[in-house]
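Enquirer: Sharing a structure here in structure tokens format.
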Amino acid sequence: MEYILYEQKGAIATITINREKALNALNSTVLDELNATLDAVDLDTVRALIITGAGEKSFVAGADIGEMSTLTKAEGEAFGKKGNDVFRKIETFPIPVIAAVNGFALGGGCEISMSCDIRICTDNAVFGQPEVGLGITPGFGGTQRLARLVGAGMAKQLIYTARNIKAPEAYRIGLVNDVISATLDEAGNVTATAKQNLIAAAEKMASTIAKNAPIAVRNCKKAINEGLDASMDEAIVIEEKLFGDCFETEDQKYGMAFFLDKNKEKVKEPFKNK
Ligand code: DAK
């Protein structure tokens, strides 16, 4: 692949968008490769996925403005569909996806992070939907997902003004779950960069998730996602079905039997995804 790196360490996989010279901007090839990489994730062994950008400066600085600048209406629609299809694939991906946002997350970059389940970022991260300043609307789900994440009023303010916000503000409005800084020694020298600490934090969160019963975790993701698009009455039924679906699995039987076992010497075994 030209622009995507893929690495699996145990139950955790990391996709790195690797187009650093263009601040990891999303062109058609990046989107096609990302789509193919998602299709190739081994869901029997991977239990949590991390998406990040190459380098220390940028997660994804948006859709590729050069490529978009000459599109016709029909081509613009097709480009929008290509991005939307990949982002929806991330959003509905069976396992949790963590965006490790290492710098600029603008336009399509903010949008791809919002299609992930959880966002954590470095303290140099910048989020924004600058599209109206380019004469377009957000086209990869930004109008929809930003409003769902931070509320309609805040989303409208950010989108109408095209104002970029820094990591602390993104944290304050609930767009990101955590902000990660570099580690310094007593003399003020950097011993681990913010990006290194970000990846470590994402991996730690991913491995905490990966230790839990995979079928239950997947069903939680489905219940939350599908419930958010439904009325409360419908959402409760969605939850009931996914809750019921966990029973009779080996992991449910083992997890509950382990809790009920009075022999505290016993070490909990890994869940089997069965
Ligand atoms: N596209 C293409 N190249 C980009 C880019 C982008 N979005 N962002 C940066 N680059 C390239 C720069 O052109 C430059 O390339 P060279 O000149 O070195 O060849 C290189 O990356 C380094 O960038 P800068 O020199 O500009 O770096 P600075 O540190 O000075 O500035 C910056 C960093 C992130 C503030 C700046 O690069 C910037 O403002 N970038 C653009 C950010 C932006 O506006 N992003 C939103 C793009 S709009 C739709 C589908 C999708 C979308 C809309 C509609 N439909 C079809 C329905 C989505 C739209 C967007 O994402």
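How things are named: the first chain in the structure tokens is A, the next is B, and so on; residues count from 1 in each chain; ligands count from 1 in the order shown.
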Quick check for you: according to DSSP on this backbone, which residues of stretch 24-269 of chain A are classed as helix (DSSP H, G or I)? Reply as an MDAnalysis selection string.
Expert: chainID A and resid 28:40 65:68 73:91 108:115 131:134 142:150 152:161 167:172 194:211 214:228 232:246 250:260
Enquirer: Identify, counting only C-alpha atoms and all ligand atoms, the protein, DNA and RNA residues located within 6 Å of ligand 1, and give them as a list in words.
Expert: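 For ligand 1, the residues inside 6 Å are Lys21, Ala22, Leu23, Ala25, Ala61, Gly62, Ala63, Asp64, Ile65, Gly66, Gly76, Glu77, Phe79, Gly80, Phe104, Leu106, Gly107, Gly108, Pro130, Glu131, Thr137, Pro138, Gly139 and Phe140 of chain A.
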Enquirer: With C-alpha atoms retained, write the just-selected residues as a compact mmCIF listing (two decimals), in the first residue's frame.
Expert:
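Saved as selection-v7.txt:
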# COMPACT_ATOMS: atom_id res chain seq x y z
CA LYS A 21 4.20 15.31 3.16
CA ALA A 22 0.58 16.37 2.62
CA LEU A 23 -0.19 16.24 6.38
CA ALA A 25 -4.71 14.57 3.63
CA ALA A 61 -5.48 17.76 7.51
CA GLY A 62 -8.71 17.08 5.64
CA ALA A 63 -9.76 15.85 2.27
CA ASP A 64 -7.19 16.57 -0.43
CA ILE A 65 -7.98 20.12 -1.54
CA GLY A 66 -5.87 19.77 -4.72
CA GLY A 76 -17.82 15.73 -5.99
CA GLU A 77 -20.80 13.56 -5.09
CA PHE A 79 -15.87 11.56 -3.84
CA GLY A 80 -18.22 12.35 -0.95
CA PHE A 104 -4.32 18.61 12.88
CA LEU A 106 -9.40 19.41 10.09
CA GLY A 107 -12.36 18.86 7.76
CA GLY A 108 -12.22 15.22 6.72
CA PRO A 130 -13.15 24.76 7.79
CA GLU A 131 -15.25 23.79 4.76
CA THR A 137 -20.17 22.01 3.33
CA PRO A 138 -18.55 19.30 5.41
CA GLY A 139 -18.96 16.27 3.16
CA PHE A 140 -17.87 13.26 5.15
Enquirer: Could you give me, as a tab-separated table, a per-residue list for stretch 150-248 of chain A showing, wherever an atom lies at most 8 Å from an atom of stretch 35-50 of chain A, the closest pair of atoms and their distance in Å to one decimal, using only C-alpha atoms and sorting by chain then residue number from low to high?
Expert:
residue	atom	partner	partner_atom	distance
A:Ala202	CA	A:Ile50	CA	7.0
A:Glu203	CA	A:Ile50	CA	7.7
A:Ala206	CA	A:Ala48	CA	5.5
A:Ser207	CA	A:Ala48	CA	7.5
A:Ile209	CA	A:Ala48	CA	7.0
A:Ala210	CA	A:Arg47	CA	5.2
A:Pro214	CA	A:Arg47	CA	6.7
Enquirer: So, counting only C-alpha atoms, which residue among A:Val132, A:Ala170, A:Met232, A:Ile12 is closest to A:Lys156?
Expert: A:Val132
Enquirer: For atom CA of A:Glu226 and atom CA of A:Ile238, determine how far apart the two atoms are, in Å to one decimal place.
Expert: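 Going from atom CA of A:Glu226 over to atom CA of A:Ile238, I get 7.5 Å.
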Enquirer: Can you measure atom CA of A:Gly133 to atom CA of A:Asn84 for me? One decimal in Å is fine.
Expert: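 Between these atoms lies a distance of 20.9 Å.
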